[in-house]
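Structure data follow from final00.txt (compact mmCIF, C-alpha atoms):
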# COMPACT_ATOMS: atom_id res chain seq x y z
CA MET A 23 -4.83 28.77 -7.50
CA THR A 24 -2.60 27.21 -10.12
CA VAL A 25 -3.56 24.18 -12.20
CA ASN A 26 -0.96 22.12 -10.30
CA LEU A 27 -2.67 22.89 -7.01
CA TRP A 28 -6.09 21.91 -8.40
CA ILE A 29 -4.66 18.60 -9.59
CA ILE A 30 -3.17 17.93 -6.14
CA LEU A 31 -6.44 18.81 -4.39
CA GLY A 32 -8.43 16.69 -6.85
CA GLY A 33 -6.09 13.74 -6.35
CA ALA A 34 -6.28 14.15 -2.57
CA LEU A 35 -10.09 14.26 -2.62
CA MET A 36 -10.42 11.19 -4.85
CA THR A 37 -7.94 9.25 -2.71
CA TYR A 38 -9.88 10.06 0.45
CA VAL A 39 -13.15 9.12 -1.27
CA ALA A 40 -11.65 5.68 -2.01
CA ARG A 41 -10.34 5.26 1.55
CA ALA A 42 -13.54 6.27 3.34
CA GLY A 43 -16.02 5.20 0.65
CA GLY A 44 -15.57 1.44 0.90
CA HIS A 45 -16.63 1.51 4.52
CA LEU A 46 -19.45 4.03 4.01
CA VAL A 47 -21.01 1.90 1.29
CA LEU A 48 -20.56 -1.45 3.03
CA SER A 49 -21.78 -0.24 6.43
CA ARG A 50 -25.23 0.37 4.87
CA PHE A 51 -25.77 -3.37 4.75
CA LYS A 52 -26.70 -5.06 8.03
CA THR A 53 -25.44 -8.53 7.13
CA ILE A 54 -22.57 -9.48 4.91
CA HIS A 55 -23.17 -12.15 2.29
CA PRO A 56 -20.68 -15.09 2.52
CA ARG A 57 -19.47 -14.33 -0.98
CA VAL A 58 -18.78 -10.70 -0.10
CA GLN A 59 -17.00 -11.95 3.03
CA ALA A 60 -14.88 -14.34 0.95
CA GLY A 61 -14.05 -11.55 -1.47
CA LEU A 62 -13.00 -9.22 1.35
CA ASP A 63 -10.87 -11.99 2.89
CA ALA A 64 -9.02 -12.32 -0.41
CA VAL A 65 -8.33 -8.58 -0.72
CA PRO A 66 -4.91 -8.31 0.96
CA ALA A 67 -3.21 -11.18 -0.87
CA ALA A 68 -4.93 -10.29 -4.15
CA VAL A 69 -3.94 -6.62 -4.12
CA LEU A 70 -0.47 -6.87 -2.60
CA THR A 71 0.53 -9.60 -5.06
CA THR A 72 -0.10 -7.20 -7.96
CA LEU A 73 2.52 -4.86 -6.46
CA VAL A 74 5.12 -7.68 -6.50
CA ALA A 75 4.45 -9.90 -9.54
CA PRO A 76 5.08 -7.42 -12.39
CA ALA A 77 8.20 -6.14 -10.60
CA ALA A 78 9.46 -9.73 -10.38
CA PHE A 79 8.49 -10.35 -14.00
CA ASN A 80 10.56 -7.35 -15.12
CA GLY A 81 13.43 -8.08 -12.73
CA GLY A 82 16.81 -9.60 -13.54
CA LEU A 83 18.81 -12.09 -11.51
CA PRO A 84 19.46 -9.78 -8.50
CA GLU A 85 15.76 -8.87 -8.18
CA LEU A 86 14.52 -12.46 -8.50
CA ALA A 87 17.15 -13.76 -6.07
CA ALA A 88 16.25 -11.05 -3.57
CA LEU A 89 12.55 -11.97 -3.74
CA LEU A 90 13.33 -15.68 -3.48
CA VAL A 91 15.54 -15.23 -0.42
CA ALA A 92 13.06 -12.85 1.20
CA GLY A 93 10.26 -15.34 0.51
CA LEU A 94 12.22 -18.19 2.11
CA VAL A 95 13.20 -16.12 5.15
CA ALA A 96 9.51 -15.20 5.51
CA LEU A 97 8.70 -18.88 6.17
CA ARG A 98 10.79 -18.79 9.35
CA ALA A 99 11.18 -15.19 10.47
CA GLY A 100 9.33 -11.90 10.62
CA MET A 101 9.12 -8.78 8.54
CA ILE A 102 12.38 -7.07 9.44
CA PRO A 103 14.70 -10.09 8.90
CA LEU A 104 13.12 -10.95 5.55
CA PHE A 105 13.30 -7.34 4.42
CA LEU A 106 16.99 -7.01 5.39
CA ALA A 107 17.87 -10.38 3.82
CA GLY A 108 16.21 -9.40 0.55
CA ALA A 109 17.89 -5.99 0.51
CA VAL A 110 21.36 -7.46 1.21
CA VAL A 111 21.02 -10.06 -1.56
CA LEU A 112 19.77 -7.39 -3.97
CA ILE A 113 22.60 -4.94 -3.28
CA LEU A 114 25.36 -7.58 -3.34
CA LEU A 115 24.18 -9.16 -6.59
CA ARG A 116 23.72 -5.78 -8.24
CA GLN A 117 27.33 -4.91 -7.40
CA LEU A 118 28.48 -8.27 -8.82
CA VAL A 119 26.18 -8.67 -11.81
CA GLY A 120 25.32 -5.08 -12.71
CA MET B 10 -8.31 2.37 28.12
CA THR B 11 -5.82 3.65 30.69
CA SER B 12 -3.14 6.13 29.72
CA SER B 13 -0.39 3.54 30.12
CA THR B 14 -2.21 1.13 27.81
CA VAL B 15 -2.66 3.92 25.29
CA ARG B 16 1.05 4.62 25.53
CA SER B 17 2.11 0.99 25.06
CA GLU B 18 -0.36 0.52 22.19
CA PHE B 19 1.02 3.65 20.51
CA LEU B 20 4.58 2.35 20.91
CA LEU B 21 3.61 -1.06 19.50
CA GLY B 22 2.19 0.73 16.47
CA ALA B 23 5.35 2.81 16.16
CA LYS B 24 7.40 -0.39 16.20
CA ALA B 25 5.34 -1.79 13.34
CA SER B 26 6.05 1.39 11.38
CA ILE B 27 9.85 0.92 11.37
CA PRO B 28 10.23 -1.40 8.33
CA VAL B 29 7.71 0.73 6.45
CA VAL B 30 9.60 3.94 7.17
CA VAL B 31 12.86 2.30 6.02
CA ALA B 32 11.32 0.77 2.89
CA ALA B 33 9.51 3.94 1.90
CA LEU B 34 12.48 6.27 2.53
CA PRO B 35 14.02 6.09 -0.95
CA PHE B 36 10.60 6.46 -2.57
CA GLY B 37 9.75 9.50 -0.49
CA LEU B 38 13.00 11.15 -1.54
CA LEU B 39 12.64 10.01 -5.13
CA PHE B 40 9.13 11.44 -5.28
CA GLY B 41 10.33 14.87 -4.12
CA ALA B 42 13.18 14.86 -6.61
CA LEU B 43 11.03 13.73 -9.55
CA ALA B 44 8.26 16.18 -8.65
CA VAL B 45 10.59 19.14 -9.01
CA GLU B 46 12.10 17.67 -12.14
CA ASN B 47 8.58 17.45 -13.63
CA GLY B 48 7.74 21.07 -12.98
CA LEU B 49 6.29 21.21 -9.44
CA SER B 50 7.55 23.68 -6.86
CA VAL B 51 8.99 22.42 -3.56
CA THR B 52 5.79 23.53 -1.81
CA GLU B 53 3.61 21.66 -4.31
CA ALA B 54 5.73 18.52 -3.95
CA VAL B 55 5.29 18.63 -0.16
CA LEU B 56 1.55 19.31 -0.45
CA PHE B 57 1.23 16.36 -2.82
CA SER B 58 2.75 13.98 -0.27
CA ALA B 59 0.89 15.59 2.64
CA LEU B 60 -2.58 15.62 1.05
CA VAL B 61 -2.67 12.62 -1.31
CA TYR B 62 -0.39 10.41 0.84
CA ALA B 63 -0.34 7.41 -1.50
CA GLY B 64 3.09 6.50 -2.84
CA ALA B 65 2.38 4.57 -6.01
CA SER B 66 -0.30 6.99 -7.20
CA GLN B 67 1.95 9.97 -6.49
CA MET B 68 4.62 8.44 -8.72
CA VAL B 69 2.06 7.90 -11.47
CA GLY B 70 0.75 11.46 -11.04
CA ILE B 71 4.23 12.95 -11.25
CA ASP B 72 4.98 10.88 -14.32
CA LEU B 73 1.91 12.37 -16.04
CA PHE B 74 2.74 15.92 -14.91
CA GLY B 75 5.88 15.62 -17.00
CA GLN B 76 3.94 14.52 -20.09
CA ASN B 77 1.54 17.46 -20.44
CA VAL B 78 -1.54 15.31 -19.85
CA ALA B 79 -4.99 16.90 -19.24
CA PRO B 80 -5.48 17.72 -15.51
CA TRP B 81 -8.65 15.63 -15.12
CA LEU B 82 -6.83 12.62 -16.56
CA ILE B 83 -4.09 12.95 -13.93
CA VAL B 84 -6.73 13.07 -11.18
CA LEU B 85 -8.48 10.04 -12.70
CA SER B 86 -5.21 8.10 -12.87
CA ILE B 87 -4.50 8.84 -9.20
CA PHE B 88 -7.98 7.53 -8.40
CA ALA B 89 -7.44 4.42 -10.55
CA VAL B 90 -4.23 3.54 -8.71
CA ASN B 91 -5.87 4.15 -5.34
CA PHE B 92 -9.14 2.39 -6.11
CA ARG B 93 -7.92 -0.67 -4.18
CA HIS B 94 -8.32 1.42 -1.01
CA VAL B 95 -12.11 1.04 -1.40
CA LEU B 96 -11.53 -2.64 -0.60
CA TYR B 97 -9.22 -1.88 2.34
CA SER B 98 -11.76 0.55 3.71
CA ALA B 99 -14.58 -1.97 3.45
CA ALA B 100 -12.49 -4.75 4.99
CA ILE B 101 -11.09 -2.72 7.91
CA GLY B 102 -14.05 -0.41 8.49
CA ARG B 103 -16.37 -3.17 9.69
CA ARG B 104 -13.82 -4.04 12.41
CA LEU B 105 -13.59 -0.48 13.73
CA GLY B 106 -17.09 -0.36 15.22
CA HIS B 107 -15.63 0.74 18.57
CA TRP B 108 -14.10 3.91 17.07
CA SER B 109 -15.96 7.24 17.11
CA THR B 110 -16.91 8.76 13.74
CA PRO B 111 -14.25 11.53 13.83
CA ARG B 112 -11.61 8.90 14.65
CA LYS B 113 -12.76 6.77 11.73
CA ALA B 114 -12.77 9.81 9.45
CA LEU B 115 -9.19 10.60 10.46
CA GLY B 116 -8.06 6.97 10.40
CA PHE B 117 -9.20 6.40 6.81
CA PHE B 118 -6.94 9.23 5.64
CA PHE B 119 -3.90 7.16 6.72
CA LEU B 120 -5.11 3.87 5.20
CA ILE B 121 -2.11 3.14 2.96
CA ASP B 122 -1.10 -0.40 1.86
CA PRO B 123 1.18 -1.27 4.81
CA GLN B 124 -1.19 0.36 7.30
CA TYR B 125 -3.96 -1.85 5.97
CA ALA B 126 -1.79 -4.97 5.82
CA GLU B 127 -0.52 -4.63 9.41
CA SER B 128 -4.06 -3.91 10.64
CA GLU B 129 -5.40 -6.95 8.84
CA ARG B 130 -2.58 -9.09 10.24
CA LYS B 131 -3.44 -7.92 13.75
CA LEU B 132 -7.11 -8.82 13.19
CA GLN B 133 -6.22 -12.26 11.86
CA ASN B 134 -4.19 -12.85 15.03
CA GLY B 135 -7.39 -12.26 16.97
CA GLN B 136 -6.39 -8.82 18.25
CA SER B 137 -8.51 -5.70 17.90
CA ILE B 138 -7.23 -2.46 16.41
CA SER B 139 -7.00 0.38 18.90
CA PHE B 140 -6.91 4.00 17.75
CA ALA B 141 -3.63 4.45 19.69
CA TRP B 142 -1.94 1.52 17.91
CA TYR B 143 -3.25 2.67 14.53
CA MET B 144 -2.01 6.24 14.94
CA GLY B 145 1.25 4.99 16.50
CA MET B 146 1.91 3.27 13.21
CA ALA B 147 0.49 6.02 10.98
CA ILE B 148 2.17 9.12 12.41
CA PRO B 149 5.88 8.13 11.98
CA ILE B 150 5.22 6.92 8.43
CA TYR B 151 3.32 10.10 7.56
CA VAL B 152 5.84 12.50 9.09
CA ALA B 153 8.74 10.69 7.40
CA TRP B 154 6.94 10.59 4.05
CA VAL B 155 6.14 14.31 4.00
CA SER B 156 9.65 15.26 5.21
CA GLU B 157 11.21 13.10 2.51
CA ALA B 158 9.23 14.91 -0.19
CA ALA B 159 10.71 18.20 1.07
CA ILE B 160 14.26 16.84 1.32
CA GLY B 161 14.00 15.11 -2.06
CA ALA B 162 12.62 18.24 -3.70
CA ILE B 163 15.40 20.43 -2.28
CA PHE B 164 18.33 18.05 -2.75
CA GLY B 165 16.92 15.97 -5.62
CA GLY B 166 19.88 16.11 -7.92
CA LEU B 167 22.33 14.80 -5.34
CA ILE B 168 21.43 11.07 -5.44
CA GLU B 169 23.53 9.99 -8.37
CA ASP B 170 23.05 6.26 -8.55
CA PRO B 171 20.05 5.10 -6.53
CA GLU B 172 19.94 1.75 -8.36
CA SER B 173 23.32 0.49 -7.15
CA LEU B 174 21.96 0.91 -3.62
CA GLY B 175 18.92 -1.17 -4.51
CA LEU B 176 16.64 1.72 -3.59
CA ASP B 177 14.20 1.17 -6.43
CA PHE B 178 13.41 -2.43 -5.50
CA LEU B 179 12.87 -2.21 -1.73
CA LEU B 180 9.10 -1.79 -1.94
CA PRO B 181 8.46 -5.01 -3.92
CA ILE B 182 10.50 -6.90 -1.29
CA TYR B 183 8.45 -5.29 1.44
CA PHE B 184 5.16 -6.07 -0.33
CA LEU B 185 6.26 -9.69 -0.81
CA GLY B 186 6.83 -9.91 2.95
CA LEU B 187 3.26 -8.70 3.49
CA VAL B 188 1.88 -11.23 0.98
CA MET B 189 3.78 -14.01 2.80
CA SER B 190 2.42 -12.91 6.17
CA PHE B 191 -1.11 -13.82 4.99
CA ARG B 192 -0.14 -17.33 3.86
CA LYS B 193 -2.15 -19.07 6.60
CA SER B 194 -5.46 -17.53 5.55
CA PRO B 195 -7.79 -19.93 3.65
CA GLY B 196 -7.36 -20.12 -0.11
CA TRP B 197 -4.21 -17.98 0.01
CA LEU B 198 -2.16 -19.85 -2.60
CA PRO B 199 -4.69 -19.89 -5.47
CA VAL B 200 -5.51 -16.21 -4.84
CA VAL B 201 -1.81 -15.28 -4.98
CA VAL B 202 -1.15 -17.39 -8.09
CA ILE B 203 -4.19 -16.01 -9.93
CA SER B 204 -3.43 -12.44 -8.90
CA ALA B 205 0.20 -12.79 -10.02
CA ALA B 206 -0.73 -14.25 -13.40
CA ALA B 207 -3.53 -11.75 -14.05
CA SER B 208 -1.49 -8.72 -12.98
CA ILE B 209 1.49 -9.71 -15.14
CA LEU B 210 -0.82 -10.32 -18.09
CA ALA B 211 -2.52 -6.94 -17.54
CA PHE B 212 0.85 -5.24 -17.06
CA VAL B 213 2.03 -6.54 -20.43
CA THR B 214 -1.20 -5.93 -22.35
CA VAL B 215 -3.07 -2.97 -20.79
CA GLY B 216 -0.14 -1.42 -18.94
CA SER B 217 0.48 0.27 -15.61
CA PRO B 218 -1.32 1.29 -13.36
CA TRP B 219 -4.30 -0.85 -14.45
CA HIS B 220 -2.52 -4.11 -13.66
CA VAL B 221 -3.19 -3.46 -9.96
CA SER B 222 -6.98 -3.16 -10.29
CA ILE B 223 -7.27 -5.89 -12.92
CA GLY B 224 -5.04 -8.43 -11.15
CA ALA B 225 -6.77 -7.89 -7.82
CA ALA B 226 -10.26 -7.98 -9.38
CA VAL B 227 -9.65 -11.33 -11.10
CA ALA B 228 -8.28 -12.95 -7.91
CA ILE B 229 -11.09 -11.57 -5.74
CA LEU B 230 -13.66 -12.73 -8.29
CA TYR B 231 -12.18 -16.20 -8.02
CA ALA B 232 -12.46 -16.08 -4.21
CA VAL B 233 -16.10 -14.97 -4.47
CA ILE B 234 -17.06 -17.71 -6.95
CA ARG B 235 -15.22 -20.44 -5.05
CA VAL B 236 -17.22 -20.08 -1.84
CA PRO B 237 -20.44 -22.16 -1.94
CA GLY B 238 -19.07 -25.47 -3.26
CA GLN B 239 -16.33 -25.52 -0.69
CA PRO B 240 -16.89 -27.63 2.43
CA GLY B 241 -16.50 -25.65 5.62
CA ALA B 242 -16.63 -22.29 3.87
CA ARG B 243 -16.54 -19.48 6.40
CA THR B 244 -19.47 -17.17 6.88
Spit out the file's structure as structure tokens when you get a sec.
Amino acid sequence: MTVNLWIILGGALMTYVARAGGHLVLSRFKTIHPRVQAGLDAVPAAVLTTLVAPAAFNGGLPELAALLVAGLVALRAGMIPLFLAGAVVLILLRQLVG
Amino acid sequence: MTSSTVRSEFLLGAKASIPVVVAALPFGLLFGALAVENGLSVTEAVLFSALVYAGASQMVGIDLFGQNVAPWLIVLSIFAVNFRHVLYSAAIGRRLGHWSTPRKALGFFFLIDPQYAESERKLQNGQSISFAWYMGMAIPIYVAWVSEAAIGAIFGGLIEDPESLGLDFLLPIYFLGLVMSFRKSPGWLPVVVISAAASILAFVTVGSPWHVSIGAAVAILYAVIRVPGQPGART
């Protein structure tokens, strides 16, 4: 066993602990407090936003325009159209600006 | 569940996997290429994707491999980036009461960001999550992700200018789409605004990857505190 392999196995174990652990801990409680419920309801928007905001903050014109267009398309259409619209804007502007 | 229902559920899940597979493609390849560049063998790069299966944390791990950081610190960093999955697990797990324990144990392994987000979206539309749908979404993403690590590791040096193709910025666009898909849930806007502000602030001051945990924690804390005073708060 090399050190690299130990690191990979350790990382894999800790990741699985996170993915199974939340449920294992919470399922010990019979009822869920309204505040816990509210917190859990906020999880998706709260976490996923942190994967977008700093990238937008660091982005230039092409990146910001791509997010803006994708965000607007999202108001009317589904995942695939907004994703393609954002990607097209990004690539075109990068060719022009970059 | 009849076999034809299982089949159609699986195919519905597979359909939901398509944008994820496309968005993750460059990152899967990039991971393989960077892994080899930072001293991992092709086999180790593939094992990393196959066993950890968490894109952002793999990138962070690889980054640290290249910097001669203590092994336990690399493992801890991977855990820090993936700590948000505790919340996914808690949120989704309570809605999987109809799954057997082995199915749950297997399902949690595949609980990546988009898998969680699509599952949550399905639940908010009043649908339940079947094991067939869940695996229909998980399997194509997983197979593609692991294959990409191998291809990236073998052919890593061949992508000369990934930025001109926009490859590095596809995931933020995808994640924005997921954020937008939750916009009808109560209190969405303040949570998003607070999370954005807190994560940017943490990104600038504390640095990556902590901005994920800190930004999310602040926004969730707000949601928790907000509850009692609000008329019609859900239970």
Produce a table with one row for each residue of chain B that has an atom at most 7 Å from any atom of chain A, each row naming the nearest atom pair and its distance in Å at one decimal; use all atoms listed in the file; arrange rows by chain and rising residue number; format as a Markdown table.
| residue | atom | partner | partner_atom | distance |
| --- | --- | --- | --- | --- |
| B:Pro28 | CA | A:Ile102 | CA | 6.2 |
| B:Glu53 | CA | A:Leu27 | CA | 6.9 |
| B:Phe57 | CA | A:Ile30 | CA | 5.7 |
| B:Leu60 | CA | A:Ala34 | CA | 5.4 |
| B:Val61 | CA | A:Ala34 | CA | 4.1 |
| B:Pro80 | CA | A:Ile29 | CA | 6.0 |
| B:Val84 | CA | A:Gly33 | CA | 4.9 |
| B:Ile87 | CA | A:Gly33 | CA | 5.9 |
| B:Phe88 | CA | A:Met36 | CA | 5.7 |
| B:Asn91 | CA | A:Thr37 | CA | 6.1 |
| B:Phe92 | CA | A:Ala40 | CA | 5.8 |
| B:His94 | CA | A:Arg41 | CA | 5.0 |
| B:Val95 | CA | A:Gly44 | CA | 4.2 |
| B:Leu96 | CA | A:Gly44 | CA | 5.9 |
| B:Ser98 | CA | A:Gly44 | CA | 4.8 |
| B:Ala99 | CA | A:His45 | CA | 4.2 |
| B:Ala100 | CA | A:Leu62 | CA | 5.8 |
| B:Gly102 | CA | A:His45 | CA | 5.1 |
| B:Arg103 | CA | A:Ser49 | CA | 7.0 |
| B:Phe117 | CA | A:Arg41 | CA | 5.5 |
| B:Phe118 | CA | A:Tyr38 | CA | 6.0 |
| B:Leu120 | CA | A:Arg41 | CA | 6.5 |
| B:Ala126 | CA | A:Pro66 | CA | 6.7 |
| B:Ser173 | CA | A:Arg116 | CA | 6.4 |
| B:Leu174 | CA | A:Ile113 | CA | 5.9 |
| B:Gly175 | CA | A:Ile113 | CA | 5.4 |
| B:Leu179 | CA | A:Ala109 | CA | 6.7 |
| B:Pro181 | CA | A:Val74 | CA | 5.0 |
| B:Ile182 | CA | A:Leu89 | CA | 6.0 |
| B:Tyr183 | CA | A:Phe105 | CA | 6.1 |
| B:Phe184 | CA | A:Leu70 | CA | 6.1 |
| B:Leu185 | CA | A:Val74 | CA | 6.1 |
| B:Gly186 | CA | A:Met101 | CA | 6.1 |
| B:Val188 | CA | A:Ala67 | CA | 5.4 |
| B:Met189 | CA | A:Ala96 | CA | 6.4 |
| B:Phe191 | CA | A:Ala67 | CA | 6.8 |
| B:Trp197 | CA | A:Ala67 | CA | 6.9 |
| B:Val200 | CA | A:Ala68 | CA | 6.0 |
| B:Val201 | CA | A:Ala68 | CA | 5.9 |
| B:Ser204 | CA | A:Ala68 | CA | 5.4 |
| B:Ala205 | CA | A:Ala75 | CA | 5.2 |
| B:Ser208 | CA | A:Thr72 | CA | 5.4 |
| B:Ile209 | CA | A:Pro76 | CA | 5.1 |
| B:Phe212 | CA | A:Pro76 | CA | 6.7 |
| B:His220 | CA | A:Thr72 | CA | 6.9 |
| B:Val221 | CA | A:Thr72 | CA | 5.2 |
| B:Gly224 | CA | A:Thr72 | CA | 6.0 |
| B:Ala225 | CA | A:Ala68 | CA | 4.8 |
| B:Ala228 | CA | A:Ala68 | CA | 5.7 |
| B:Ile229 | CA | A:Gly61 | CA | 5.2 |
| B:Leu230 | CA | A:Gly61 | CA | 6.9 |
| B:Ala232 | CA | A:Gly61 | CA | 5.5 |
| B:Val233 | CA | A:Arg57 | CA | 4.9 |
| B:Val236 | CA | A:Arg57 | CA | 6.2 |
| B:Thr244 | CA | A:Pro56 | CA | 5.0 |
Output file for the residues above (C-alpha atoms, as a short mmCIF file (atom, residue, chain, number, x, y, z; two decimals), keeping the file's coordinate frame):
data_model
loop_
_atom_site.label_atom_id
_atom_site.label_comp_id
_atom_site.auth_asym_id
_atom_site.auth_seq_id
_atom_site.Cartn_x
_atom_site.Cartn_y
_atom_site.Cartn_z
CA PRO B 28 10.23 -1.40 8.33
CA GLU B 53 3.61 21.66 -4.31
CA PHE B 57 1.23 16.36 -2.82
CA LEU B 60 -2.58 15.62 1.05
CA VAL B 61 -2.67 12.62 -1.31
CA PRO B 80 -5.48 17.72 -15.51
CA VAL B 84 -6.73 13.07 -11.18
CA ILE B 87 -4.50 8.84 -9.20
CA PHE B 88 -7.98 7.53 -8.40
CA ASN B 91 -5.87 4.15 -5.34
CA PHE B 92 -9.14 2.39 -6.11
CA HIS B 94 -8.32 1.42 -1.01
CA VAL B 95 -12.11 1.04 -1.40
CA LEU B 96 -11.53 -2.64 -0.60
CA SER B 98 -11.76 0.55 3.71
CA ALA B 99 -14.58 -1.97 3.45
CA ALA B 100 -12.49 -4.75 4.99
CA GLY B 102 -14.05 -0.41 8.49
CA ARG B 103 -16.37 -3.17 9.69
CA PHE B 117 -9.20 6.40 6.81
CA PHE B 118 -6.94 9.23 5.64
CA LEU B 120 -5.11 3.87 5.20
CA ALA B 126 -1.79 -4.97 5.82
CA SER B 173 23.32 0.49 -7.15
CA LEU B 174 21.96 0.91 -3.62
CA GLY B 175 18.92 -1.17 -4.51
CA LEU B 179 12.87 -2.21 -1.73
CA PRO B 181 8.46 -5.01 -3.92
CA ILE B 182 10.50 -6.90 -1.29
CA TYR B 183 8.45 -5.29 1.44
CA PHE B 184 5.16 -6.07 -0.33
CA LEU B 185 6.26 -9.69 -0.81
CA GLY B 186 6.83 -9.91 2.95
CA VAL B 188 1.88 -11.23 0.98
CA MET B 189 3.78 -14.01 2.80
CA PHE B 191 -1.11 -13.82 4.99
CA TRP B 197 -4.21 -17.98 0.01
CA VAL B 200 -5.51 -16.21 -4.84
CA VAL B 201 -1.81 -15.28 -4.98
CA SER B 204 -3.43 -12.44 -8.90
CA ALA B 205 0.20 -12.79 -10.02
CA SER B 208 -1.49 -8.72 -12.98
CA ILE B 209 1.49 -9.71 -15.14
CA PHE B 212 0.85 -5.24 -17.06
CA HIS B 220 -2.52 -4.11 -13.66
CA VAL B 221 -3.19 -3.46 -9.96
CA GLY B 224 -5.04 -8.43 -11.15
CA ALA B 225 -6.77 -7.89 -7.82
CA ALA B 228 -8.28 -12.95 -7.91
CA ILE B 229 -11.09 -11.57 -5.74
CA LEU B 230 -13.66 -12.73 -8.29
CA ALA B 232 -12.46 -16.08 -4.21
CA VAL B 233 -16.10 -14.97 -4.47
CA VAL B 236 -17.22 -20.08 -1.84
CA THR B 244 -19.47 -17.17 6.88
#
Residue with the minimum atom-to-atom distance to B:Arg16, picked from B:Met144, B:Ala162, B:Ile71, B:Ala114 with only C-alpha atoms counted, is B:Met144
Give as a list in words the set of residues within 10 Å of the point (-5.8, 2.0, 20.1), where distances use the file's coordinates and only C-alpha atoms.
-> Met10, Thr14, Val15, Arg16, Ser17, Glu18, Phe19, Leu21, Gly22, Trp108, Ser137, Ile138, Ser139, Phe140, Ala141, Trp142, Tyr143, Met144 and Gly145 of chain B
Output file for the selection above: C-alpha atoms, as an mmCIF file, in the coordinates of the input:
data_model
loop_
_atom_site.group_PDB
_atom_site.id
_atom_site.type_symbol
_atom_site.label_atom_id
_atom_site.label_comp_id
_atom_site.auth_asym_id
_atom_site.auth_seq_id
_atom_site.Cartn_x
_atom_site.Cartn_y
_atom_site.Cartn_z
ATOM 1 C CA MET B 10 -8.310 2.370 28.120
ATOM 2 C CA THR B 14 -2.210 1.130 27.810
ATOM 3 C CA VAL B 15 -2.660 3.920 25.290
ATOM 4 C CA ARG B 16 1.050 4.620 25.530
ATOM 5 C CA SER B 17 2.110 0.990 25.060
ATOM 6 C CA GLU B 18 -0.360 0.520 22.190
ATOM 7 C CA PHE B 19 1.020 3.650 20.510
ATOM 8 C CA LEU B 21 3.610 -1.060 19.500
ATOM 9 C CA GLY B 22 2.190 0.730 16.470
ATOM 10 C CA TRP B 108 -14.100 3.910 17.070
ATOM 11 C CA SER B 137 -8.510 -5.700 17.900
ATOM 12 C CA ILE B 138 -7.230 -2.460 16.410
ATOM 13 C CA SER B 139 -7.000 0.380 18.900
ATOM 14 C CA PHE B 140 -6.910 4.000 17.750
ATOM 15 C CA ALA B 141 -3.630 4.450 19.690
ATOM 16 C CA TRP B 142 -1.940 1.520 17.910
ATOM 17 C CA TYR B 143 -3.250 2.670 14.530
ATOM 18 C CA MET B 144 -2.010 6.240 14.940
ATOM 19 C CA GLY B 145 1.250 4.990 16.500
#
One decimal, Å: what's the distance from atom CA of B:Arg130 over to atom CA of B:Phe40, could you say?
->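 That distance, rounded to one decimal, is 28.3 Å.
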What does the distance from atom CA of B:Glu157 to atom CA of B:Val29 come to in Å, to one decimal?
->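 A separation of 13.4 Å between them.
Straight-line separation from atom CA of B:Ala89 to atom CA of B:Ser222: 7.6 Å.
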Name all residues at most 7 Å from B:Leu39 (count only C-alpha atoms; drop same-chain ones fewer than 4 positions away) and give them as a short mmCIF file (atom, residue, chain, number, x, y, z; two decimals) with C-alpha atoms, keeping the file's coordinate frame.
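Written out: result-v8.cif:
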data_model
loop_
_atom_site.label_atom_id
_atom_site.label_comp_id
_atom_site.auth_asym_id
_atom_site.auth_seq_id
_atom_site.Cartn_x
_atom_site.Cartn_y
_atom_site.Cartn_z
CA PRO B 35 14.02 6.09 -0.95
CA LEU B 43 11.03 13.73 -9.55
CA GLY B 161 14.00 15.11 -2.06
#
